[in-house]
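Working notes for the structure below.
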Amino acid sequence: MTNTVRKHIIRMLGEAGSGHPGGSLSAVEIVTALYFHVLRHDPRRPDWPDRDRFILSKGHGVPVQYACLAEAGYFPVEELKTLRKINSRLQGHPVKGTVPGIEASTGSLGQGLSIALGHALAGKLDGKDYRVYVMIGDGESDEGQIWEAALFGAHHKLDNLVAILDYNKIQLDGRLEEILELAPLADKWRAFGWHVLEIDGHDLAAILAAFAEAERTKGKPSILIAHTIKGKGVSFMEDDVEWHGIAPNAEQVERALAELEQND
């Protein structure tokens, strides 16, 4: 499934002629694990009150979410080719009220964690047992709102919330170490009162084990710091700043798909 999702991402962005391949590809294993192993959800009832919620705060990476939603049955796979086109439901960032399964409009970086906290606190107040998952970016973590939200989550002991930080160490115009270093990242989140798990964000077994540990953790929210590779799965995109926000051309699409086909 992760290979299928990667191929969808490449085809979608090639067809659209714009978008963000690097941060979509780095998140594939995590988002796929959520939709096909972790989340309690039902594509036939996207508004089911007791569903688990997933919010993609780094909204520019939405191709990976669209691909998983389509493969899970929320809308036809054929619709993926309409990404970023006029009148398409598949906008370049998540928009609530378009395709089913999108829980929040995101892409204004720094806001998604706060939205997820609201869902988690509402669940506690309503006596619900659903869980809330939110993916944030490492470049996004330059935003002060992320750290205000971190304080709030620990203060309210929101153990029904799991944040996932896609730690690919590259943002729009450079590497984190050159723009605004986040390290020591795990120590920061522990100091803010969160249960911290550091994992290889491309190791499905490690991802699933971390989600299971987070679910067992009581009295505080959890964060998975997922060490990932920008552009993972396509050799000429991997760990390359240039592939943050440009789409592959037709020749590059064919090269990427040829690589991915070898993994089927």
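Chain lettering (A, B, ...) mirrors the order of the structure tokens, residue numbering begins at 1 for each chain separately, and ligand numbering begins at 1 in order of display.
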Fill in: Residue set, stretch 76-220 of chain A restricted to helix (DSSP H, G or I), as a VMD selection string
chain A and resid 77 to 82 112 to 126 140 to 142 144 to 155 176 to 179 185 to 191 204 to 216
Practice prompt. List every residue of stretch 33-205 of chain A that DSSP, applied to the backbone, labels as strand (DSSP E or B), and write the result as a PyMOL selection string.
Written response: chain A and resi 53-56+132-137+161-167+170-171+174-175+195-200
Worksheet entry | Spatial neighbours of A:Ala258, max dist 12 Å, only C-alpha atoms, sep filter under 4 positions, as a ChimeraX atom specification | /A:3,6-7,10-11,233-235,251-254,262-264
Worksheet item: What is the distance between atom CA of A:Ala27 and atom CA of A:Lys58, in Å to one decimal?
Response: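 Distance reported for this atom pair: 10.3 Å.
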Worksheet item: Which residues, written as a PyMOL selection string, have at least one atom at most 8 Å from stretch 159-172 of chain A, with only C-alpha atoms counted and residues fewer than 6 positions away on the same chain left out?
Response: chain A and resi 23+26-27+113+116-117+120+129-139+201+214-215+217-230+239+241+244-245
Can I get the selection written as a PDB file, in the first residue's frame, with C-alpha atoms?
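Final output, saved to again.pdb:
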```pdb
ATOM      1  CA  GLY A  23       6.927  16.313   2.326  1.00  0.00           C
ATOM      2  CA  SER A  26       8.274  11.566   3.614  1.00  0.00           C
ATOM      3  CA  ALA A  27       4.952  10.985   5.376  1.00  0.00           C
ATOM      4  CA  LEU A 113      -2.056  21.191  16.521  1.00  0.00           C
ATOM      5  CA  ALA A 116      -6.444  18.816  17.196  1.00  0.00           C
ATOM      6  CA  LEU A 117      -6.290  19.901  20.836  1.00  0.00           C
ATOM      7  CA  ALA A 120      -9.279  16.061  21.929  1.00  0.00           C
ATOM      8  CA  ASP A 129     -13.352   7.467  23.649  1.00  0.00           C
ATOM      9  CA  TYR A 130     -12.215   8.567  20.203  1.00  0.00           C
ATOM     10  CA  ARG A 131      -8.578   9.454  19.670  1.00  0.00           C
ATOM     11  CA  VAL A 132      -7.082  12.385  17.779  1.00  0.00           C
ATOM     12  CA  TYR A 133      -3.957  12.243  15.623  1.00  0.00           C
ATOM     13  CA  VAL A 134      -2.238  15.258  14.087  1.00  0.00           C
ATOM     14  CA  MET A 135       0.812  15.478  11.839  1.00  0.00           C
ATOM     15  CA  ILE A 136       2.966  18.580  12.097  1.00  0.00           C
ATOM     16  CA  GLY A 137       6.027  19.554  10.106  1.00  0.00           C
ATOM     17  CA  ASP A 138       9.478  20.362  11.402  1.00  0.00           C
ATOM     18  CA  GLY A 139       9.653  23.628   9.484  1.00  0.00           C
ATOM     19  CA  GLY A 201       9.359   7.199  10.253  1.00  0.00           C
ATOM     20  CA  ALA A 214       0.971   6.144  22.859  1.00  0.00           C
ATOM     21  CA  GLU A 215      -2.468   4.610  23.325  1.00  0.00           C
ATOM     22  CA  THR A 217       0.155   6.217  27.903  1.00  0.00           C
ATOM     23  CA  LYS A 218      -2.149   7.958  30.373  1.00  0.00           C
ATOM     24  CA  GLY A 219      -2.141  11.438  31.863  1.00  0.00           C
ATOM     25  CA  LYS A 220      -0.287  13.252  29.091  1.00  0.00           C
ATOM     26  CA  PRO A 221      -0.362  13.627  25.301  1.00  0.00           C
ATOM     27  CA  SER A 222       2.178  11.793  23.178  1.00  0.00           C
ATOM     28  CA  ILE A 223       4.344  12.893  20.300  1.00  0.00           C
ATOM     29  CA  LEU A 224       6.079  10.644  17.797  1.00  0.00           C
ATOM     30  CA  ILE A 225       9.216  12.314  16.485  1.00  0.00           C
ATOM     31  CA  ALA A 226       9.492  10.473  13.189  1.00  0.00           C
ATOM     32  CA  HIS A 227      12.907  10.696  11.543  1.00  0.00           C
ATOM     33  CA  THR A 228      12.128  10.696   7.839  1.00  0.00           C
ATOM     34  CA  ILE A 229      13.712  11.446   4.469  1.00  0.00           C
ATOM     35  CA  LYS A 230      12.274  14.185   2.310  1.00  0.00           C
ATOM     36  CA  ASP A 239      16.945  14.632   0.858  1.00  0.00           C
ATOM     37  CA  VAL A 241      15.697  20.859  -0.794  1.00  0.00           C
ATOM     38  CA  HIS A 244       9.959  20.680  -1.396  1.00  0.00           C
ATOM     39  CA  GLY A 245       7.536  22.491  -3.670  1.00  0.00           C
TER      40      GLY A 245
END
```
Fill in: Distance query A:Ala70 at most 12 Å, only C-alpha atoms, self and fewer than 3 positions along chain excluded, as a list of chain:residue names
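That gives A:Met1, A:Thr4, A:Val5, A:His8, A:Ile9, A:Thr32, A:Tyr35, A:Phe36, A:Pro43, A:Pro63, A:Val64, A:Gln65, A:Tyr66, A:Ala67, A:Gly73, A:Tyr74, A:Phe75, A:Pro76, A:Val77, A:Glu78, A:Glu79, A:Leu80, A:Lys81, A:Leu90, A:Val99, A:Pro100, A:Gly101, A:Ile102.
With only C-alpha atoms as the atoms that count, the residue of A:Ser24, A:Ser57, A:Ser114, A:Gln145 with the shortest distance to A:Pro94 is A:Ser57.
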Fill in: Best match for closeness to A:Glu15 among A:Thr98, A:Thr2, A:Gln91, A:Thr82, counting only C-alpha atoms
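Distance minimum relative to A:Glu15 lands on A:Thr82.
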Worksheet item: With only C-alpha atoms as the atoms that count, which of A:Ile30, A:Leu151, A:Leu56, A:Ala205 lies nearest to A:Ser108?
Response: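 Smallest separation from A:Ser108 among the options: A:Leu56.
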